[in-house]
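Have a look at upload32.txt; it's compact mmCIF, C-alpha atoms:
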# COMPACT_ATOMS: atom_id res chain seq x y z
CA MET A 133 -16.28 22.82 -7.75
CA SER A 134 -13.54 24.16 -5.51
CA ARG A 135 -9.98 24.70 -6.71
CA GLU A 136 -8.76 22.02 -4.29
CA SER A 137 -11.28 19.55 -5.68
CA GLU A 138 -10.19 20.34 -9.25
CA ILE A 139 -6.53 19.77 -8.33
CA ILE A 140 -7.36 16.41 -6.73
CA GLN A 141 -9.43 15.35 -9.75
CA ARG A 142 -6.64 16.39 -12.13
CA ALA A 143 -4.08 14.40 -10.10
CA ALA A 144 -6.39 11.38 -10.08
CA ALA A 145 -6.97 11.61 -13.83
CA GLU A 146 -3.24 11.86 -14.49
CA PHE A 147 -2.57 8.91 -12.18
CA ILE A 148 -5.16 6.80 -13.99
CA HIS A 149 -3.79 7.89 -17.38
CA ASP A 150 -0.23 6.91 -16.42
CA ARG A 151 -1.10 3.87 -14.29
CA HIS A 152 -0.15 1.36 -16.98
CA ARG A 153 3.37 2.83 -17.22
CA LEU A 154 3.73 2.92 -13.45
CA GLY A 155 2.48 -0.66 -13.37
CA ALA A 156 5.07 -1.69 -15.97
CA PHE A 157 7.80 0.01 -13.95
CA VAL A 158 6.77 -1.64 -10.67
CA SER A 159 5.91 -5.06 -12.10
CA GLY A 160 9.12 -5.19 -14.10
CA LEU A 161 11.17 -4.59 -10.98
CA LEU A 162 9.19 -6.69 -8.49
CA ARG A 163 8.04 -9.53 -10.73
CA ASP A 164 5.29 -10.28 -8.21
CA ALA A 165 1.79 -9.18 -9.23
CA HIS A 166 0.42 -8.92 -5.69
CA ALA A 167 3.40 -6.97 -4.35
CA ALA A 168 3.29 -4.72 -7.43
CA GLU A 169 -0.39 -3.94 -6.88
CA ASP A 170 0.32 -3.15 -3.23
CA VAL A 171 3.06 -0.73 -4.28
CA ILE A 172 0.83 0.98 -6.85
CA GLN A 173 -1.95 1.39 -4.29
CA GLU A 174 0.50 2.82 -1.76
CA VAL A 175 1.81 5.27 -4.37
CA TRP A 176 -1.78 6.41 -5.00
CA VAL A 177 -2.42 6.88 -1.28
CA ARG A 178 0.77 8.91 -0.85
CA LEU A 179 -0.02 11.00 -3.92
CA ALA A 180 -3.53 11.73 -2.64
CA VAL A 181 -2.18 12.76 0.76
CA GLU A 182 0.37 15.11 -0.81
CA VAL A 183 -2.18 16.65 -3.19
CA GLU A 184 -4.67 17.16 -0.34
CA LYS A 185 -1.92 18.86 1.68
CA GLY A 186 -1.42 21.25 -1.23
CA THR A 187 1.99 19.98 -2.29
CA ALA A 188 2.77 21.10 -5.84
CA ILE A 189 3.93 18.09 -7.86
CA GLU A 190 5.37 19.30 -11.13
CA ASN A 191 6.10 15.97 -12.85
CA GLN A 192 3.59 13.53 -11.38
CA PRO A 193 4.68 10.40 -13.31
CA ALA A 194 8.30 10.88 -12.20
CA TRP A 195 7.19 11.64 -8.62
CA CYS A 196 5.10 8.44 -8.57
CA ARG A 197 8.01 6.39 -9.92
CA GLY A 198 10.26 7.87 -7.23
CA VAL A 199 7.83 6.86 -4.50
CA ALA A 200 7.42 3.42 -6.11
CA ARG A 201 11.20 3.04 -6.30
CA ASN A 202 11.54 3.70 -2.58
CA LEU A 203 8.73 1.27 -1.81
CA ILE A 204 10.35 -1.38 -4.02
CA LEU A 205 13.69 -0.92 -2.24
CA LYS A 206 11.89 -1.27 1.09
CA HIS A 207 10.15 -4.43 -0.17
CA TRP A 208 13.43 -5.94 -1.32
CA ARG A 209 15.08 -5.18 2.01
CA THR A 210 12.26 -6.74 4.04
CA GLN A 211 11.73 -9.71 1.74
CA GLN A 212 15.39 -10.15 0.88
CA THR A 213 14.35 -11.10 -2.68
CA ALA A 214 16.76 -8.92 -4.63
CA LYS A 215 19.65 -10.77 -6.20
CA VAL A 216 21.80 -7.71 -5.51
CA VAL A 217 21.72 -6.04 -2.12
CA ALA A 218 19.17 -3.23 -2.33
CA ASP A 219 21.58 -0.66 -0.88
CA SER A 220 24.41 -1.40 -3.27
CA GLU A 221 25.79 1.01 -5.85
CA VAL A 222 24.96 -1.52 -8.58
CA MET A 223 21.30 -1.50 -7.60
CA GLU A 224 21.25 2.31 -7.43
CA ALA A 225 22.81 2.54 -10.90
CA PHE A 226 20.33 0.00 -12.28
CA LEU A 227 17.33 1.85 -10.83
CA ALA A 228 18.68 5.14 -12.18
CA GLN A 229 18.89 3.60 -15.67
CA VAL A 230 15.32 2.27 -15.42
CA GLU A 231 14.09 5.69 -14.27
CA THR A 232 15.87 7.38 -17.18
CA ALA A 233 14.30 4.98 -19.67
CA PHE A 234 10.82 5.59 -18.27
CA SER A 235 11.34 9.37 -18.16
CA GLU A 236 12.36 9.41 -21.81
CA ALA A 237 9.38 7.22 -22.69
CA ASP A 238 6.92 9.56 -20.95
CA GLN A 239 7.02 12.17 -23.71
CA ASP A 240 7.05 9.62 -26.53
CA ALA A 241 4.05 7.82 -25.02
CA ASP A 242 2.11 11.08 -24.62
CA ASP A 243 2.79 11.98 -28.27
CA GLU A 244 1.72 8.51 -29.42
CA TRP A 245 -1.43 8.65 -27.31
CA GLN A 246 -2.33 12.06 -28.75
CA ARG A 247 -1.79 10.83 -32.32
CA ARG A 248 -3.95 7.77 -31.63
CA GLN A 249 -6.66 9.87 -29.99
CA GLN A 250 -6.74 12.29 -32.93
CA ALA A 251 -6.93 9.40 -35.40
CA LEU A 252 -9.76 7.82 -33.41
CA ASP A 253 -11.64 11.13 -33.25
CA ASP A 254 -11.30 11.51 -37.04
CA CYS A 255 -12.46 7.94 -37.64
CA VAL A 256 -15.48 8.30 -35.36
CA ALA A 257 -16.42 11.59 -37.04
CA ALA A 258 -16.41 9.82 -40.42
CA LEU A 259 -18.97 7.23 -39.26
CA PRO A 260 -22.65 7.50 -40.12
CA GLU A 261 -24.79 9.25 -37.47
CA LYS A 262 -26.51 5.97 -36.48
CA SER A 263 -23.16 4.34 -35.73
CA ARG A 264 -21.88 7.37 -33.80
CA HIS A 265 -25.11 7.38 -31.77
CA MET A 266 -24.71 3.70 -30.88
CA LEU A 267 -21.07 4.22 -29.84
CA SER A 268 -22.07 7.27 -27.82
CA LEU A 269 -24.76 5.37 -25.96
CA ARG A 270 -22.46 2.46 -25.18
CA TYR A 271 -19.17 4.20 -24.35
CA GLU A 272 -19.94 7.81 -23.44
CA GLY A 273 -23.29 7.05 -21.83
CA ARG A 274 -21.94 3.82 -20.31
CA LYS A 275 -25.13 1.99 -21.21
CA SER A 276 -25.26 -1.79 -21.24
CA VAL A 277 -25.74 -3.58 -24.54
CA GLU A 278 -29.31 -4.35 -23.40
CA GLU A 279 -29.99 -0.65 -22.83
CA VAL A 280 -28.49 0.28 -26.21
CA ALA A 281 -30.70 -2.35 -27.85
CA ARG A 282 -33.82 -0.96 -26.16
CA THR A 283 -32.91 2.63 -27.03
CA THR A 284 -32.16 1.89 -30.68
CA GLY A 285 -34.98 -0.61 -31.14
CA GLN A 286 -32.60 -3.37 -32.20
CA SER A 287 -32.10 -6.84 -30.83
CA PHE A 288 -29.33 -7.63 -28.34
CA ASP A 289 -27.55 -9.76 -30.97
CA ALA A 290 -27.80 -7.04 -33.61
CA VAL A 291 -26.28 -4.46 -31.25
CA THR A 292 -23.53 -6.86 -30.18
CA LYS A 293 -22.59 -7.55 -33.81
CA SER A 294 -22.79 -3.88 -34.76
CA LEU A 295 -20.57 -2.82 -31.88
CA TYR A 296 -18.07 -5.54 -32.74
CA ARG A 297 -17.98 -4.42 -36.38
CA LEU A 298 -17.70 -0.76 -35.38
CA ARG A 299 -14.79 -1.47 -33.04
CA GLN A 300 -13.06 -3.47 -35.77
CA ALA A 301 -13.67 -0.74 -38.36
CA LEU A 302 -12.35 1.91 -35.97
CA THR A 303 -9.26 -0.16 -35.18
CA ASP A 304 -8.55 -0.58 -38.91
CA CYS A 305 -9.20 3.12 -39.58
CA VAL A 306 -6.90 4.26 -36.76
CA GLU A 307 -4.11 1.93 -37.90
CA ARG A 308 -4.46 3.20 -41.48
CA LYS A 309 -4.30 6.82 -40.35
CA LEU A 310 -1.30 6.19 -38.12
CA SER A 311 0.58 4.37 -40.88
CA GLN A 312 0.00 7.36 -43.19
CA THR A 313 1.57 9.80 -40.70
CA ILE A 314 4.80 7.85 -40.29
What would you get if you wrote out this structure as structure tokens?
Amino acid sequence: MSRESEIIQRAAAEFIHDRHRLGAFVSGLLRDAHAAEDVIQEVWVRLAVEVEKGTAIENQPAWCRGVARNLILKHWRTQQTAKVVADSEVMEAFLAQVETAFSEADQDADDEWQRRQQALDDCVAALPEKSRHMLSLRYEGRKSVEEVARTTGQSFDAVTKSLYRLRQALTDCVERKLSQTI
């Protein structure tokens, strides 16, 4: 794999990882699901173009929010849906406050995600081999429930119930572990 390809894949993975926060930022400001999705897609396109050009983007989530902010301002100007004129100092101050809140949340969210991931890894490791194998087939191998049933020699219903119970047990385990670290 070429270095350029690795950089593009890393940017895509980071975009996907942070998409929910970008979506919250955009949706919270636009309050229109279709317009928000259009903005998010346009941010992705612009990010991909910049990465392919070789532009070094140091803080990708902040860069994406900046592009989204400009697209939102453009949307408000063309749609005239903002209650405050999009070019006003009040709007600029408001958007700066929103950006600050999201920037501060970036690090906290990454720390929380890492704690949750570690707790999940510990909980999965504590499962019996048969359960880990079933989870691996379903989620790492991306096999359908039917394929997991065939592979493990169990019925569709048995696999469905087992996966449900495993997910519930993992959720409970993760929550227990997280409550112990607080």
Item to check | Minimum-distance residue to Glu138 (chain A), chosen among A:Val183, A:Met266, A:Leu161, A:Ile172 (using all atoms listed in the file) | outcome: A:Val183
Checklist entry - Excluding same-chain residues fewer than 3 positions from Glu182 (chain A), what lies within 12 Å of it counting all atoms listed in the file, as an MDAnalysis selection string? => result chainID A and resid 136 139:140 143 175:179 185:189 192 195:196 199
Checklist entry - Which residues come within 10 Å of Ser294 (chain A), counting all atoms listed in the file, excluding same-chain residues fewer than 6 positions away, as number ranges by chain? => result A: 263, 266-267, 288, 300
Let me know the centre plus edge lengths, in Å and rounded to one decimal, of a box with edges along x, y and z that contains all listed atoms of region 244-260 of chain A and is padded by 3 Å on every side, as lines of an AutoDock Vina configuration file.
center_x = -10.5
center_y = 9.8
center_z = -33.9
size_x = 30.4
size_y = 11.1
size_z = 19.1
Set the distance at 10 Å and use all atoms listed in the file: which residues neighbour region 252-255 of chain A once local chain neighbours fewer than 5 positions away are removed? I'd like the list as an mmCIF file with C-alpha atoms, keeping the file's coordinate frame.
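Listing of part.cif after writing:
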data_model
loop_
_atom_site.group_PDB
_atom_site.id
_atom_site.type_symbol
_atom_site.label_atom_id
_atom_site.label_comp_id
_atom_site.auth_asym_id
_atom_site.auth_seq_id
_atom_site.Cartn_x
_atom_site.Cartn_y
_atom_site.Cartn_z
ATOM 1 C CA GLN A 246 -2.330 12.060 -28.750
ATOM 2 C CA ARG A 247 -1.790 10.830 -32.320
ATOM 3 C CA ALA A 301 -13.670 -0.740 -38.360
ATOM 4 C CA LEU A 302 -12.350 1.910 -35.970
ATOM 5 C CA THR A 303 -9.260 -0.160 -35.180
ATOM 6 C CA ASP A 304 -8.550 -0.580 -38.910
ATOM 7 C CA CYS A 305 -9.200 3.120 -39.580
ATOM 8 C CA VAL A 306 -6.900 4.260 -36.760
ATOM 9 C CA GLU A 307 -4.110 1.930 -37.900
ATOM 10 C CA LYS A 309 -4.300 6.820 -40.350
ATOM 11 C CA LEU A 310 -1.300 6.190 -38.120
#
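Here CA of Phe234 (chain A) is placed at a distance of 11.7 Å from CA of Gly160 (chain A).
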Item to check | Non-local contacts of Ser276 (chain A) (12 Å; only C-alpha atoms; under 6 positions in same chain excluded) as a PyMOL selection string | outcome: chain A and resi 266-270+282-283+288+291-292+295
Selected residues written out, C-alpha atoms, as a PDB file, in the coordinates of the input:
ATOM      1  CA  MET A 266     -24.710   3.700 -30.880  1.00  0.00           C
ATOM      2  CA  LEU A 267     -21.070   4.220 -29.840  1.00  0.00           C
ATOM      3  CA  SER A 268     -22.070   7.270 -27.820  1.00  0.00           C
ATOM      4  CA  LEU A 269     -24.760   5.370 -25.960  1.00  0.00           C
ATOM      5  CA  ARG A 270     -22.460   2.460 -25.180  1.00  0.00           C
ATOM      6  CA  ARG A 282     -33.820  -0.960 -26.160  1.00  0.00           C
ATOM      7  CA  THR A 283     -32.910   2.630 -27.030  1.00  0.00           C
ATOM      8  CA  PHE A 288     -29.330  -7.630 -28.340  1.00  0.00           C
ATOM      9  CA  VAL A 291     -26.280  -4.460 -31.250  1.00  0.00           C
ATOM     10  CA  THR A 292     -23.530  -6.860 -30.180  1.00  0.00           C
ATOM     11  CA  LEU A 295     -20.570  -2.820 -31.880  1.00  0.00           C
TER      12      LEU A 295
END
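When all atoms listed in the file are used to measure the gap to Gln312 (chain A), the shortest distance among A:Ala251, A:Arg299, A:Glu146, A:Gly285 belongs to A:Ala251.
Distance check against Leu298 (chain A) using all atoms listed in the file: of A:Ser159, A:Gln211, A:Arg264, A:Val181, the minimum falls on A:Arg264.
Of note, CA of Lys293 (chain A) and CA of Glu278 (chain A) are spaced 12.8 Å apart.
The space separating CA of Asp164 (chain A) from CA of Trp245 (chain A) comes to 27.7 Å.
Remark: for Val171 (chain A), the closest of the candidate residues A:Ile204, A:Val277, A:Ala257, A:Val230 is A:Ile204 (distances computed over all atoms listed in the file).
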